[in-house]
Amino acid sequence: MKGDVIKYQRDNIDTDVIIPGPYLKIHDYNELAKHAMEGLDKDFHSKVKEGDFIVAGRNFGCGSSREHAPIALAYSGIKAVLALSFARIFYRNAVDGAFLLPIEIDESTYNSISNEDSIEIDTEKNEIKNLTKNQTYTMKPFSELIGKIIAVGGLFNYKP
Amino acid sequence: MNITEKILARASGKTSLSPDDVVFVNVDKVMVHDVSGPGVIAVFEKLKKKGMKIEKLWDSSKVWVAEDHFVPSVDQVSAQNIVLLSDFTKQFGINKHFKYGMGQYGICHTLSHEEAMVLPGEVYVGGDSHTNTTGALGAFAAGLGHTDIAYVLLNGKIWFKVPETIYFKLNGKLPNYVMAKDFILKIIGDIGTDGAAYKTMQFGGDGILEMSIEERLTLTNMTTEAGAKSGIIEPDQKTSDYLAVRGVTKYDEVHSDANAQYEKIFEYEASELEPIVAKPFSPENIAEARDLSTTALDKAYIGSCTGAKYEDLQAVARILKGRQVKIRTEVLPAAISIFRKAMEEGLIKIFMDAGAVVGPPTCGACCGAHMGVLAKDEVCISTTNRNFPGRMGHVESKTYLASPLVVAASAVTGKITDPRDLK
């Protein structure tokens, strides 16, 4: 997976800014994408490209259980969010619905990656290559169950 | 094992479980509302397009439905969602559908306890983050997204990683004018909005035994704001009395073993607790109400699953009786049964005499959807649960979170007010 980074140097990016409350009545995924990150970054919709990654701090996706959050990001083109940590419901929504990969990174990786860097993610090797800076980082491996659900493309394809 | 581990062990057919074990657990009850329900319907449609046949649910008798977020309907899209939801419950034979304007209705988490939809010892999942609320009755209660809920509706089970439990012990009875909301805001201030991420927050001690069920529900409700998977309180006589009034006496309750393990234990002395306010833009951003007494407000909001239960309204009435509000004040009881009781007991008259507007149950402005949303730069003090940017309206509006007593006292003065300082 190769793509460019949109970085938000902040913690606690909550679901209210990822997709604000008034849009929860919408279940057209492409329509939701038009409002992704609206509470934090009005320019997100115009700058995001298919295959991009978001890099952010601690507790990404905290707040509500709205699956609209990973959906809005995924249908905007985001393939993975790299964060220091994730809120639990966002994390499992992203994985079980097979919308995007929630990838946990450490502080030094977080500090090394800059906005607009091109990176390549290899989830088999648990490796992130920064093509812009010619650096390599490690990602936290997925737990056994999460890895299996991702491999089969979501919870509905997984046989316990 | 502690209560959470024991409930999850029983529901997964294991004799023993430890934190970090991953298990598929059998679910006893599942709830969807007018946001997660249409989400589930969209997942079903996607699955059907892929060739899956969906003719019945795993067990329709264990499913219940609430209409609370976009009611009364805000526009044609939300009206259509209510129609979708009604078609869905009809198609799958779900009888427990609390339809807006038909008998009992209100906010899902409030109905969960008002109607005794969830019982001690059960595994309960809901398509809403504040599903944690119902853990106050001694159930494992956790919020899920709509793909997970769709999976539960078809399979009757879902995966969980067994959480570590953090135990919060309250010593002594809360002082006059200090409420459960103050206690939980203090805790979130201490541990942060991810202080209990992926974990269970359990509450105990003689201070909790003293607390009413409704006050306990405020504690578990706000565990979501510390990132917790669930909040739980062991059932006691008050729990069984609360359920008996609602006609339920049979359930299989669970208690922690004497040698139960907790990741960490926090102890609080009730006598040291003060009225607390969470400032914008995070529930962890706390201060004592007294220290914010110069903060001018535009509006007071009394509503939501967190702060519009019957006792919350009683607290508001205690302050507003014989007084006038100085700022716009909106009171929205969390369920129509609570509204009715407040009407019969004279509370609604007190609110109206004070000049406040009284509205129907809805999640409404708590999630910035409708019925009282905030304008740019507007400042609100609210009995709700979250104050992230834009939560209650414009991203540059400001919400202060507080107890019903603090919100009512502030409504009277127009500034953030410790109820003990009210003349």
# chains A, B, ... in the order shown; residues from 1 in each chain; ligands from 1
>>> select_by_dssp(residues="range 22-136 of chain A", states="strand (DSSP E or B)", output="number ranges by chain")
A: 53-56, 60, 62, 80-83, 86, 101-104, 118-122, 127-130, 135-136
>>> closest_atom_pairs(of="chain B", to="chain A", cutoff="9 Å", atoms="only C-alpha atoms", output="JSON lines")
{"residue": "B:Val22", "atom": "CA", "partner": "A:Leu145", "partner_atom": "CA", "distance": 7.8}
{"residue": "B:Phe24", "atom": "CA", "partner": "A:Pro160", "partner_atom": "CA", "distance": 8.0}
{"residue": "B:Asp34", "atom": "CA", "partner": "A:Lys25", "partner_atom": "CA", "distance": 8.0}
{"residue": "B:Val35", "atom": "CA", "partner": "A:Lys25", "partner_atom": "CA", "distance": 6.1}
{"residue": "B:Ser36", "atom": "CA", "partner": "A:Arg66", "partner_atom": "CA", "distance": 7.5}
{"residue": "B:Pro38", "atom": "CA", "partner": "A:His27", "partner_atom": "CA", "distance": 7.2}
{"residue": "B:Gly39", "atom": "CA", "partner": "A:His27", "partner_atom": "CA", "distance": 6.5}
{"residue": "B:Ala42", "atom": "CA", "partner": "A:His27", "partner_atom": "CA", "distance": 7.2}
{"residue": "B:Leu47", "atom": "CA", "partner": "A:Phe156", "partner_atom": "CA", "distance": 8.7}
{"residue": "B:His69", "atom": "CA", "partner": "A:Lys25", "partner_atom": "CA", "distance": 8.8}
{"residue": "B:Phe70", "atom": "CA", "partner": "A:Lys25", "partner_atom": "CA", "distance": 7.5}
{"residue": "B:Val77", "atom": "CA", "partner": "A:Lys25", "partner_atom": "CA", "distance": 6.8}
{"residue": "B:Ser78", "atom": "CA", "partner": "A:Lys25", "partner_atom": "CA", "distance": 5.7}
{"residue": "B:Asn81", "atom": "CA", "partner": "A:Lys25", "partner_atom": "CA", "distance": 7.3}
{"residue": "B:Gly127", "atom": "CA", "partner": "A:Ser65", "partner_atom": "CA", "distance": 6.9}
{"residue": "B:Asp128", "atom": "CA", "partner": "A:Ser65", "partner_atom": "CA", "distance": 5.3}
{"residue": "B:Ser129", "atom": "CA", "partner": "A:Ser65", "partner_atom": "CA", "distance": 4.7}
{"residue": "B:His130", "atom": "CA", "partner": "A:Ser64", "partner_atom": "CA", "distance": 7.8}
{"residue": "B:Gly143", "atom": "CA", "partner": "A:Ser65", "partner_atom": "CA", "distance": 6.6}
{"residue": "B:Leu144", "atom": "CA", "partner": "A:Ser65", "partner_atom": "CA", "distance": 6.0}
{"residue": "B:Gly145", "atom": "CA", "partner": "A:Glu67", "partner_atom": "CA", "distance": 5.3}
{"residue": "B:His146", "atom": "CA", "partner": "A:Glu67", "partner_atom": "CA", "distance": 6.4}
{"residue": "B:Thr147", "atom": "CA", "partner": "A:Gly97", "partner_atom": "CA", "distance": 5.8}
{"residue": "B:Asp148", "atom": "CA", "partner": "A:Asp96", "partner_atom": "CA", "distance": 6.9}
{"residue": "B:Tyr151", "atom": "CA", "partner": "A:Phe156", "partner_atom": "CA", "distance": 7.0}
{"residue": "B:Thr193", "atom": "CA", "partner": "A:Asn12", "partner_atom": "CA", "distance": 8.0}
{"residue": "B:Asp194", "atom": "CA", "partner": "A:Asn59", "partner_atom": "CA", "distance": 6.4}
{"residue": "B:Ala197", "atom": "CA", "partner": "A:Ala87", "partner_atom": "CA", "distance": 6.7}
{"residue": "B:Tyr198", "atom": "CA", "partner": "A:Arg88", "partner_atom": "CA", "distance": 5.9}
{"residue": "B:Thr224", "atom": "CA", "partner": "A:Gly63", "partner_atom": "CA", "distance": 7.4}
{"residue": "B:Glu225", "atom": "CA", "partner": "A:Gly63", "partner_atom": "CA", "distance": 6.8}
{"residue": "B:Gly227", "atom": "CA", "partner": "A:Ala87", "partner_atom": "CA", "distance": 6.5}
{"residue": "B:Ala228", "atom": "CA", "partner": "A:Arg88", "partner_atom": "CA", "distance": 8.2}
{"residue": "B:Lys229", "atom": "CA", "partner": "A:Arg88", "partner_atom": "CA", "distance": 7.2}
{"residue": "B:Cys367", "atom": "CA", "partner": "A:Gly21", "partner_atom": "CA", "distance": 5.5}
{"residue": "B:Gly368", "atom": "CA", "partner": "A:Gly21", "partner_atom": "CA", "distance": 5.6}
{"residue": "B:Ala369", "atom": "CA", "partner": "A:Pro22", "partner_atom": "CA", "distance": 4.5}
{"residue": "B:His370", "atom": "CA", "partner": "A:Pro22", "partner_atom": "CA", "distance": 7.6}
{"residue": "B:Arg386", "atom": "CA", "partner": "A:Gly63", "partner_atom": "CA", "distance": 8.0}
{"residue": "B:Phe388", "atom": "CA", "partner": "A:Asp16", "partner_atom": "CA", "distance": 6.9}
{"residue": "B:Pro389", "atom": "CA", "partner": "A:Val17", "partner_atom": "CA", "distance": 6.9}
{"residue": "B:Gly390", "atom": "CA", "partner": "A:Gly39", "partner_atom": "CA", "distance": 6.7}
{"residue": "B:Arg391", "atom": "CA", "partner": "A:Asp16", "partner_atom": "CA", "distance": 6.0}
{"residue": "B:Met392", "atom": "CA", "partner": "A:Gly21", "partner_atom": "CA", "distance": 8.4}
{"residue": "B:Gly393", "atom": "CA", "partner": "A:Gly21", "partner_atom": "CA", "distance": 8.5}
{"residue": "B:His394", "atom": "CA", "partner": "A:Gly39", "partner_atom": "CA", "distance": 8.9}
{"residue": "B:Val395", "atom": "CA", "partner": "A:Gly39", "partner_atom": "CA", "distance": 6.4}
>>> closest_residue(among="B:Pro72, B:Gly195, B:Gly247, B:Gly307", to="Ala180 in chain B", atoms="only C-alpha atoms")
B:Gly307
>>> residues_around(residues="Glu274 in chain B", least_positions_apart="2", cutoff="8 Å", atoms="only C-alpha atoms", output="count of residues only")
5
>>> select_by_dssp(residues="chain A", states="alpha helix (DSSP H)", output="number ranges by chain")
A: 15-18, 29-33, 44-47, 68-74, 88-96, 107-112, 144-152
>>> residues_around(residues="Val123 in chain B", least_positions_apart="4", cutoff="12 Å", atoms="only C-alpha atoms", output="MDAnalysis selection string")
chainID B and resid 3:12 24:31 62 117:119 131:132 134:135 137:143 152 156:160 230 232 252:254
